[in-house]
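Data from model19.csv: CSV, C-alpha atoms
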```
chain,number,residue,atom,x,y,z
D,1367,MET,CA,57.9,22.1,129.8
D,1368,PRO,CA,58.2,19.9,133.0
D,1369,LYS,CA,61.8,19.2,134.2
D,1370,ASP,CA,61.7,15.4,133.5
D,1371,ALA,CA,60.2,16.0,130.0
D,1372,ALA,CA,63.0,18.5,129.2
D,1373,VAL,CA,65.7,16.0,130.0
D,1374,GLU,CA,63.9,13.2,128.2
D,1375,GLU,CA,63.5,15.3,125.1
D,1376,PHE,CA,67.2,16.1,125.1
D,1377,ALA,CA,68.1,12.5,125.6
D,1378,ARG,CA,65.8,11.5,122.7
D,1379,LEU,CA,67.6,13.8,120.4
D,1380,VAL,CA,71.0,12.4,121.5
D,1381,ARG,CA,69.8,8.8,121.0
D,1382,ALA,CA,68.6,9.7,117.5
D,1383,LEU,CA,72.0,11.1,116.6
D,1384,LYS,CA,73.8,7.9,117.9
D,1385,ALA,CA,71.3,5.7,116.0
D,1386,ARG,CA,71.8,7.6,112.8
D,1387,ASP,CA,75.6,7.2,113.1
D,1388,GLY,CA,75.6,3.5,113.9
D,1389,ARG,CA,78.9,3.4,115.7
D,1390,SER,CA,79.2,1.9,119.2
D,1391,TYR,CA,79.3,3.9,122.4
D,1392,GLU,CA,83.0,3.1,122.7
D,1393,ALA,CA,83.8,4.3,119.1
D,1394,LEU,CA,81.9,7.6,119.5
D,1395,GLY,CA,83.3,8.1,123.0
D,1396,ARG,CA,86.8,8.0,121.6
D,1397,ARG,CA,86.1,10.8,119.2
D,1398,LEU,CA,84.3,12.9,121.9
D,1399,SER,CA,87.0,12.3,124.6
D,1400,VAL,CA,84.4,10.8,127.0
D,1401,SER,CA,83.9,7.3,128.2
D,1402,ALA,CA,81.3,4.9,126.8
D,1403,SER,CA,79.4,4.9,130.1
D,1404,THR,CA,79.3,8.7,130.1
D,1405,LEU,CA,77.8,8.8,126.6
D,1406,HIS,CA,75.3,6.2,127.5
D,1407,ARG,CA,74.2,8.3,130.5
D,1408,TYR,CA,73.6,11.2,128.1
D,1409,CYS,CA,71.5,9.0,125.8
D,1410,SER,CA,69.5,7.5,128.7
D,1411,GLY,CA,68.8,10.8,130.3
D,1412,ALA,CA,70.6,9.9,133.5
D,1413,THR,CA,72.7,13.0,133.3
D,1414,VAL,CA,73.1,16.1,131.1
D,1415,PRO,CA,76.5,17.3,130.0
D,1416,GLU,CA,77.9,20.4,131.7
D,1417,GLU,CA,78.8,22.0,128.4
D,1418,PHE,CA,77.0,22.0,125.1
D,1419,ALA,CA,80.4,21.6,123.2
D,1420,VAL,CA,80.5,17.8,123.6
D,1421,VAL,CA,76.9,17.5,122.2
D,1422,ASP,CA,77.6,19.8,119.3
D,1423,ARG,CA,80.7,17.7,118.5
D,1424,LEU,CA,78.5,14.6,118.5
D,1425,ALA,CA,76.1,16.3,116.2
D,1426,LEU,CA,78.9,17.2,113.7
D,1427,LEU,CA,80.2,13.6,113.8
D,1428,CYS,CA,76.7,12.3,113.1
D,1429,GLY,CA,76.1,14.6,110.1
D,1430,ALA,CA,73.5,17.0,111.7
D,1431,ASP,CA,72.7,20.1,109.8
D,1432,GLU,CA,72.5,23.7,111.2
D,1433,GLU,CA,68.8,23.4,112.0
D,1434,GLU,CA,69.2,20.2,113.9
D,1435,ARG,CA,72.1,21.6,115.8
D,1436,ARG,CA,70.1,24.6,116.8
D,1437,ALA,CA,67.2,22.4,118.0
D,1438,LEU,CA,69.7,20.3,119.9
D,1439,GLU,CA,71.1,23.4,121.6
D,1440,VAL,CA,67.6,24.6,122.6
D,1441,ALA,CA,66.9,21.1,124.1
D,1442,TRP,CA,70.2,21.0,125.9
D,1443,THR,CA,69.5,24.5,127.4
D,1444,ARG,CA,66.1,23.4,128.7
D,1445,ALA,CA,67.5,20.2,130.1
D,1446,ASP,CA,70.5,21.9,131.7
D,1447,GLY,CA,68.2,24.4,133.4
D,1448,ALA,CA,65.9,21.6,134.6
D,1449,ARG,CA,68.7,19.8,136.4
D,1450,ARG,CA,70.0,22.9,138.1
D,1451,PRO,CA,68.5,24.1,141.4
D,1452,PRO,CA,66.4,27.3,141.1
D,1453,ALA,CA,68.3,30.5,141.9
D,1454,PRO,CA,67.1,32.2,145.2
D,1455,GLU,CA,64.9,35.2,144.6
D,1456,PRO,CA,66.6,38.5,145.4
D,1457,GLY,CA,65.4,40.3,148.5
D,1458,PRO,CA,64.1,43.9,148.4
D,1459,GLU,CA,66.7,46.5,147.5
D,1460,PRO,CA,67.7,48.9,150.2
D,1461,ALA,CA,66.4,52.4,149.9
D,1462,PRO,CA,69.1,54.7,148.4
D,1463,ALA,CA,70.9,56.9,150.9
D,1464,PRO,CA,70.1,60.7,150.6
D,1465,GLU,CA,72.8,62.5,148.6
D,1466,ALA,CA,74.9,64.9,150.6
D,1467,ALA,CA,74.9,68.5,149.6
D,1468,PRO,CA,78.1,69.3,147.6
D,1469,GLU,CA,80.7,71.2,149.6
D,1470,PRO,CA,81.9,74.6,148.2
D,1471,GLU,CA,85.0,74.1,146.1
D,1472,PRO,CA,88.0,76.0,147.6
D,1473,GLU,CA,89.9,78.4,145.5
D,1474,PRO,CA,92.9,76.6,144.0
D,1475,VAL,CA,96.2,77.3,145.6
D,1476,HIS,CA,97.8,77.9,142.2
D,1477,THR,CA,95.6,81.1,141.8
D,1478,ARG,CA,96.5,82.7,145.1
D,1479,VAL,CA,99.1,85.0,143.6
D,1480,PRO,CA,99.6,88.2,145.7
D,1481,GLY,CA,98.6,91.4,144.0
D,1482,LEU,CA,96.3,89.8,141.3
D,1483,PRO,CA,92.7,90.9,141.1
D,1484,PRO,CA,90.0,88.1,141.2
D,1485,GLU,CA,89.2,88.3,137.4
D,1486,ARG,CA,92.9,87.8,136.5
D,1487,ARG,CA,93.1,84.9,138.9
D,1488,ARG,CA,90.2,83.2,137.0
D,1489,ARG,CA,91.9,83.8,133.7
D,1490,ARG,CA,95.2,82.4,135.1
D,1491,TRP,CA,93.3,79.3,136.4
D,1492,GLY,CA,91.6,78.7,133.1
D,1493,TRP,CA,94.9,78.6,131.3
D,1494,VAL,CA,96.3,76.2,134.0
D,1495,SER,CA,93.3,74.0,133.6
D,1496,VAL,CA,93.8,73.7,129.8
D,1497,VAL,CA,97.4,72.9,130.2
D,1498,CYS,CA,96.8,70.3,132.9
D,1499,GLY,CA,94.0,68.7,130.9
D,1500,ALA,CA,96.3,68.4,127.9
D,1501,LEU,CA,99.0,66.9,130.1
D,1502,ALA,CA,96.5,64.4,131.6
D,1503,VAL,CA,95.5,63.2,128.1
D,1504,ALA,CA,99.1,63.0,127.0
D,1505,GLY,CA,99.9,61.1,130.2
D,1506,THR,CA,97.1,58.6,129.6
D,1507,VAL,CA,98.3,57.9,126.1
D,1508,THR,CA,101.9,57.5,127.3
D,1509,LEU,CA,101.0,55.2,130.1
D,1510,GLY,CA,98.8,53.1,127.9
D,1511,ALA,CA,101.6,52.7,125.3
D,1512,VAL,CA,104.6,52.3,127.7
D,1513,LEU,CA,103.3,50.9,131.0
D,1514,LEU,CA,100.4,48.8,129.6
D,1515,PRO,CA,101.7,47.3,126.4
D,1516,GLY,CA,99.9,44.0,126.7
D,1517,LYS,CA,96.3,43.2,125.9
D,1518,THR,CA,95.0,46.4,124.3
D,1519,ARG,CA,97.9,46.9,121.9
D,1520,GLU,CA,98.2,43.2,121.1
D,1521,ARG,CA,94.5,42.9,120.3
D,1522,ALA,CA,94.7,45.9,118.0
D,1523,ALA,CA,97.8,44.6,116.2
D,1524,GLU,CA,96.9,40.9,116.0
D,1525,PRO,CA,94.5,39.8,113.2
D,1526,PRO,CA,91.2,38.2,114.2
D,1527,ALA,CA,91.6,34.5,114.7
D,1528,PRO,CA,89.9,32.5,111.9
D,1529,LEU,CA,89.0,29.8,114.4
D,1530,THR,CA,86.7,29.4,117.4
D,1531,TRP,CA,87.2,27.2,120.5
D,1532,THR,CA,85.4,25.9,123.5
D,1533,VAL,CA,87.1,24.6,126.6
D,1534,ALA,CA,86.2,22.3,129.5
D,1535,SER,CA,88.6,22.0,132.4
D,1536,ASP,CA,86.4,20.3,135.1
D,1537,ILE,CA,86.6,16.9,133.4
D,1538,TRP,CA,87.6,13.6,135.0
D,1539,LYS,CA,89.9,11.0,133.6
D,1540,ASN,CA,87.8,8.5,131.6
D,1541,GLY,CA,84.7,10.3,132.8
D,1542,CYS,CA,85.0,9.0,136.4
D,1543,GLY,CA,88.4,9.6,138.1
D,1544,HIS,CA,89.7,12.8,139.6
D,1545,THR,CA,91.3,14.2,142.8
D,1546,TYR,CA,90.4,17.6,144.4
D,1547,LEU,CA,92.1,19.4,147.2
D,1548,VAL,CA,89.5,20.9,149.6
D,1549,GLU,CA,90.1,23.0,152.7
D,1550,ARG,CA,87.1,21.5,154.6
D,1551,THR,CA,85.2,18.2,154.4
D,1552,PRO,CA,83.0,18.5,151.3
D,1553,PRO,CA,79.6,17.0,150.6
D,1554,PRO,CA,79.3,13.7,148.7
D,1555,PRO,CA,81.0,13.7,145.3
D,1556,PRO,CA,78.9,14.8,142.3
D,1557,GLU,CA,78.3,13.3,138.9
D,1558,ALA,CA,81.1,14.1,136.5
D,1559,ALA,CA,78.7,16.4,134.6
D,1560,ASP,CA,78.2,18.5,137.7
D,1561,ALA,CA,81.9,18.7,138.6
D,1562,ARG,CA,82.3,22.4,137.8
D,1563,SER,CA,79.5,23.7,140.0
D,1564,TRP,CA,80.5,21.3,142.8
D,1565,ALA,CA,84.1,22.3,142.8
D,1566,ALA,CA,83.3,26.0,142.6
D,1567,ALA,CA,80.9,25.7,145.6
D,1568,GLN,CA,83.7,24.0,147.7
D,1569,GLY,CA,86.6,26.2,146.6
D,1570,ALA,CA,88.2,23.0,145.4
D,1571,VAL,CA,91.5,22.9,143.4
D,1572,ASP,CA,92.6,20.2,141.1
D,1573,GLY,CA,95.1,17.9,142.9
D,1574,ARG,CA,98.0,16.4,141.1
D,1575,GLU,CA,96.4,16.7,137.6
D,1576,THR,CA,94.2,19.0,135.5
D,1577,LEU,CA,92.5,17.6,132.4
D,1578,VAL,CA,91.6,20.3,129.8
D,1579,ARG,CA,89.7,19.5,126.7
D,1580,VAL,CA,89.8,22.1,123.9
D,1581,SER,CA,87.5,21.8,120.9
D,1582,VAL,CA,88.8,23.8,118.0
D,1583,GLN,CA,86.9,24.6,114.8
D,1584,GLY,CA,87.6,26.9,111.8
D,1585,LYS,CA,85.1,29.7,111.0
D,1586,SER,CA,85.0,28.9,107.3
D,1587,ALA,CA,85.9,26.2,104.7
D,1588,ALA,CA,89.5,27.5,104.6
D,1589,ALA,CA,92.0,25.3,106.5
D,1590,VAL,CA,93.5,26.7,109.7
D,1591,VAL,CA,96.8,25.0,110.5
D,1592,LEU,CA,97.4,24.5,114.3
D,1593,GLN,CA,101.2,25.0,114.5
D,1594,ALA,CA,102.0,24.5,118.2
D,1595,LEU,CA,100.6,24.4,121.7
D,1596,HIS,CA,102.5,26.3,124.3
D,1597,VAL,CA,102.1,26.4,128.1
D,1598,ARG,CA,102.5,29.6,130.1
D,1599,VAL,CA,102.8,29.4,133.9
D,1600,VAL,CA,101.8,32.8,135.3
D,1601,ASP,CA,102.1,32.1,139.0
D,1602,ARG,CA,103.8,29.5,141.2
D,1603,GLY,CA,103.3,28.9,144.9
D,1604,ALA,CA,103.9,26.1,147.5
D,1605,PRO,CA,101.4,23.2,147.1
D,1606,LEU,CA,98.2,23.7,149.1
D,1607,PRO,CA,98.2,22.0,152.6
D,1608,TRP,CA,94.7,20.7,152.1
D,1609,ALA,CA,93.4,17.1,152.2
D,1610,ALA,CA,92.8,15.2,148.9
D,1611,TYR,CA,89.4,13.8,148.0
D,1612,ARG,CA,89.2,11.2,145.3
D,1613,MET,CA,86.1,11.1,143.2
D,1614,ASP,CA,86.3,7.4,142.4
D,1615,ASP,CA,87.8,4.1,143.5
D,1616,GLY,CA,89.3,3.2,140.2
D,1617,CYS,CA,87.8,3.2,136.7
D,1618,GLY,CA,88.7,2.7,133.1
D,1619,GLY,CA,87.8,3.7,129.6
D,1620,ALA,CA,89.0,5.0,126.2
D,1621,VAL,CA,91.2,8.0,125.5
D,1622,THR,CA,91.8,10.2,122.5
D,1623,PRO,CA,94.8,10.2,120.2
D,1624,ARG,CA,95.0,14.0,120.4
D,1625,ARG,CA,96.5,13.7,123.9
D,1626,PHE,CA,99.2,15.9,125.4
D,1627,GLU,CA,101.1,15.8,128.7
D,1628,VAL,CA,102.5,18.8,130.6
D,1629,ASP,CA,104.9,18.8,133.6
D,1630,LEU,CA,104.1,22.1,135.4
D,1631,ASP,CA,107.1,21.6,137.7
D,1632,ARG,CA,109.6,22.2,134.9
D,1633,PRO,CA,110.9,25.8,134.6
D,1634,ARG,CA,109.6,25.9,131.0
D,1635,PRO,CA,106.7,23.4,130.6
D,1636,VAL,CA,106.0,22.0,127.2
D,1637,ALA,CA,103.0,20.1,125.8
D,1638,ARG,CA,104.3,16.6,124.7
D,1639,ALA,CA,102.2,14.4,122.5
D,1640,LEU,CA,101.5,10.9,123.9
D,1641,ASP,CA,100.2,7.6,122.7
D,1642,GLY,CA,96.6,6.9,123.8
D,1643,TYR,CA,95.1,3.6,124.7
D,1644,ASP,CA,91.7,2.1,123.7
D,1645,ALA,CA,90.5,-0.1,126.5
D,1646,SER,CA,87.1,-0.8,125.0
D,1647,GLY,CA,88.0,-4.1,123.3
D,1648,GLN,CA,88.9,-7.4,124.9
D,1649,GLU,CA,92.6,-6.9,124.4
D,1650,GLY,CA,92.8,-3.1,124.0
D,1651,ARG,CA,95.1,-1.3,121.5
D,1652,THR,CA,97.5,1.6,121.4
D,1653,LEU,CA,96.4,4.8,119.7
D,1654,PRO,CA,99.6,6.4,118.2
D,1655,ALA,CA,100.4,10.0,119.2
D,1656,VAL,CA,99.7,12.7,116.6
D,1657,SER,CA,101.7,15.9,117.1
D,1658,PHE,CA,101.5,19.3,115.5
D,1659,PRO,CA,101.0,20.7,112.9
D,1660,TYR,CA,97.5,19.7,111.7
D,1661,ALA,CA,94.5,21.5,110.2
D,1662,VAL,CA,90.9,22.3,111.2
D,1663,SER,CA,88.1,24.0,109.3
D,1664,ALA,CA,84.4,24.6,109.8
D,1665,ALA,CA,83.6,21.0,108.7
D,1666,GLU,CA,86.6,19.4,110.3
D,1667,PRO,CA,86.8,20.3,114.0
D,1668,GLU,CA,89.5,18.9,116.3
D,1669,GLU,CA,89.7,18.1,120.1
D,1670,LEU,CA,92.9,18.4,122.2
D,1671,LEU,CA,93.1,16.7,125.6
D,1672,VAL,CA,95.8,18.1,127.8
D,1673,SER,CA,96.9,16.4,131.0
D,1674,ALA,CA,98.8,18.9,133.2
D,1675,GLY,CA,100.5,17.5,136.3
D,1676,ALA,CA,102.1,19.2,139.3
D,1677,ALA,CA,103.9,17.8,142.3
D,1678,GLY,CA,105.9,20.7,143.8
D,1679,CYS,CA,103.8,23.7,143.1
D,1680,ASP,CA,100.4,25.4,143.2
D,1681,CYS,CA,100.5,26.5,139.6
D,1682,ARG,CA,98.2,28.8,137.6
D,1683,TRP,CA,98.7,28.5,133.9
D,1684,TYR,CA,97.3,29.1,130.4
D,1685,LEU,CA,97.5,27.3,127.0
D,1686,GLU,CA,98.5,29.3,123.9
D,1687,LEU,CA,97.6,27.9,120.5
D,1688,GLU,CA,99.6,29.1,117.6
D,1689,TRP,CA,97.8,29.1,114.2
D,1690,SER,CA,98.3,30.1,110.6
D,1691,SER,CA,95.9,30.5,107.7
D,1692,GLU,CA,95.9,32.1,104.2
D,1693,GLY,CA,99.2,33.9,104.8
D,1694,ARG,CA,98.3,35.1,108.4
D,1695,ARG,CA,99.6,33.9,111.7
D,1696,GLY,CA,98.6,34.4,115.3
D,1697,THR,CA,98.2,33.0,118.8
D,1698,VAL,CA,95.1,32.6,121.0
D,1699,ARG,CA,95.4,32.3,124.8
D,1700,ILE,CA,93.1,29.7,126.3
D,1701,GLY,CA,92.1,29.7,130.0
D,1702,ASP,CA,89.2,28.1,131.8
D,1703,GLU,CA,85.5,28.6,131.0
D,1704,ASP,CA,85.6,32.1,132.7
D,1705,GLY,CA,88.9,33.1,131.0
D,1706,ALA,CA,90.9,32.7,134.3
D,1707,PRO,CA,94.1,30.6,134.3
D,1708,PHE,CA,93.9,26.9,135.0
D,1709,ARG,CA,95.0,25.9,138.5
D,1710,THR,CA,96.8,22.7,139.6
D,1711,SER,CA,98.4,21.9,143.0
D,1712,GLY,CA,100.7,19.1,144.1
D,1713,ALA,CA,99.2,16.8,146.7
D,1714,LYS,CA,102.1,14.6,147.7
D,1715,GLY,CA,101.9,13.5,151.4
D,1716,ARG,CA,98.4,14.8,151.9
D,1717,PRO,CA,95.8,12.7,153.6
D,1718,VAL,CA,93.5,11.0,151.0
D,1719,TYR,CA,89.8,10.4,151.4
D,1720,VAL,CA,87.4,8.3,149.4
D,1721,TYR,CA,83.6,8.2,149.6
D,1722,ASP,CA,81.9,5.2,151.2
D,1723,SER,CA,78.5,5.1,149.4
D,1724,ALA,CA,77.1,2.5,151.8
D,1725,GLY,CA,78.1,4.5,154.9
D,1726,ARG,CA,77.4,7.9,153.2
D,1727,ALA,CA,80.6,9.4,154.5
D,1728,TRP,CA,84.2,10.2,153.5
D,1729,ILE,CA,86.6,7.6,154.9
D,1730,THR,CA,90.4,7.8,155.2
D,1731,GLY,CA,92.4,6.2,152.4
D,1732,GLU,CA,96.2,5.9,152.0
D,1733,LYS,CA,98.6,8.8,152.0
D,1734,SER,CA,99.1,10.2,148.6
D,1735,GLY,CA,102.5,9.2,147.3
D,1736,GLN,CA,102.1,9.2,143.5
D,1737,GLY,CA,104.4,12.0,142.6
D,1738,GLY,CA,102.2,14.8,144.1
```
Please rewrite the model in this file as structure tokens.
Amino acid sequence: MPKDAAVEEFARLVRALKARDGRSYEALGRRLSVSASTLHRYCSGATVPEEFAVVDRLALLCGADEEERRALEVAWTRADGARRPPAPEPGPEPAPAPEAAPEPEPEPVHTRVPGLPPERRRRRWGWVSVVCGALAVAGTVTLGAVLLPGKTRERAAEPPAPLTWTVASDIWKNGCGHTYLVERTPPPPPEAADARSWAAAQGAVDGRETLVRVSVQGKSAAAVVLQALHVRVVDRGAPLPWAAYRMDDGCGGAVTPRRFEVDLDRPRPVARALDGYDASGQEGRTLPAVSFPYAVSAAEPEELLVSAGAAGCDCRWYLELEWSSEGRRGTVRIGDEDGAPFRTSGAKGRPVYVYDSAGRAWITGEKSGQGG
């Protein structure tokens, strides 16, 4: 299928879902944690979302069945591949180096006992080998239990979580606003949907704030109660001394009521529920904060939007979601799309650049003074 046709087919399916639901772009955007303009770009084929999760969430909201969702995922996969540049073809593999002849193994020092004939030395070494092998196995078990008590033992002891989740961490506020710290002058800013690949190519780090959207869904009809959301900072350093590059010059839009704020500079950061604000109407309205606990299931997914800010640190951190269901409890650790910790650095006092579309160049803005 041609590239343009793949994107248009995906956009047609998204438009059909929106038409079936009947709600406005603003109303659907609030439920999806994206701006109305971003959702409109998906429907028009102007851009393709970086992750399928937001489209799958739209399908669920609009009442799509399993067959329709599978067809939508196939169309998204084709459209996503069409908008990405082709991967370079690998060059010829180097010829394998010739293997060196094995050196003769020296007689172990332990067997060189004066007065023992060679056959007794071999029997003595065989006994020593058995004992050392047994000690090695015992040592491995002991080290695994004592020195490495974390992931393996916890996974064996903790019940399988009755929920699934997807995460997006390269998202911009209201679909258009973000600041990155970059060591060298980067290329022009990308579309919000291409933020992840753009940031990875530049080695960019979120400046001042990281927005994380977690979509949570139960595996069955049984309710899973989300009890609490914890924040674990695993590494702290001084803020990066890089310049700040703003991805917009101001924008607005709607937010979701499932919104949480985290201050990473605190010794023990917590996720605090906040009111949202719907700016889609003429006067706007407040969306009251909704805190834990609340429930999800296969038919009732939920989205959490976490805004984590830093002024005085270059922080790497995880989210930990505590759950309970049918007499069981557990905690799932949530990192970025690759499982690594999220990363946020303060940017106070750094030079700020904005992109001049007319001049096609980054131009100097004001010094960053908004709390890092």
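With only C-alpha atoms as the atoms that count, the residue of D:Ala1570, D:Cys1542, D:Val1414, D:Val1582 with the shortest distance to Glu1668 in chain D is D:Val1582.
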Exercise. Which one of D:Cys1428, D:Leu1438, D:Ile1700, D:Val1373 sits closest to Tyr1408 in chain D if you count all atoms listed in the file?
Worked result: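 The shortest atom-to-atom distance to Tyr1408 in chain D comes from D:Val1373.
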For this session: List every protein, DNA or RNA residue with an atom no more than 12 Å from (95.2, 17.8, 154.1) in the file's coordinates, counting all atoms listed in the file, and format the result as number ranges by chain.
Result: D: 1546-1551, 1573, 1605-1611, 1712-1719, 1730, 1733-1734
Any idea what's packed within 12 Å of Ala1727 in chain D, counting all atoms listed in the file, ignoring anything in its chain fewer than 2 positions away? Could you give it as an mmCIF file with C-alpha atoms, keeping the file's coordinate frame?
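Dumped to selection_34.cif:
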```cif
data_model
loop_
_atom_site.group_PDB
_atom_site.id
_atom_site.type_symbol
_atom_site.label_atom_id
_atom_site.label_comp_id
_atom_site.auth_asym_id
_atom_site.auth_seq_id
_atom_site.Cartn_x
_atom_site.Cartn_y
_atom_site.Cartn_z
ATOM 1 C CA THR D 1551 85.200 18.200 154.400
ATOM 2 C CA PRO D 1552 83.000 18.500 151.300
ATOM 3 C CA PRO D 1553 79.600 17.000 150.600
ATOM 4 C CA PRO D 1554 79.300 13.700 148.700
ATOM 5 C CA PRO D 1555 81.000 13.700 145.300
ATOM 6 C CA TYR D 1611 89.400 13.800 148.000
ATOM 7 C CA TYR D 1719 89.800 10.400 151.400
ATOM 8 C CA VAL D 1720 87.400 8.300 149.400
ATOM 9 C CA TYR D 1721 83.600 8.200 149.600
ATOM 10 C CA ASP D 1722 81.900 5.200 151.200
ATOM 11 C CA SER D 1723 78.500 5.100 149.400
ATOM 12 C CA ALA D 1724 77.100 2.500 151.800
ATOM 13 C CA GLY D 1725 78.100 4.500 154.900
ATOM 14 C CA ILE D 1729 86.600 7.600 154.900
ATOM 15 C CA THR D 1730 90.400 7.800 155.200
#
```
For this session: Quick one: everything within 7 Å of Arg1602 in chain D, counting only C-alpha atoms, minus sequence neighbours fewer than 5 positions away in the same chain. Send it as JSON, numbers by chain.
Result: {"D": [1679, 1680, 1681, 1682]}
Problem set entry | range 1382-1392 of chain D surroundings by all atoms listed in the file, 6 Å radius, close-in-sequence under 2 positions cut, as a list in words | Leu1379, Val1380, Leu1394, Gly1395, Ala1402 and Cys1428 of chain D
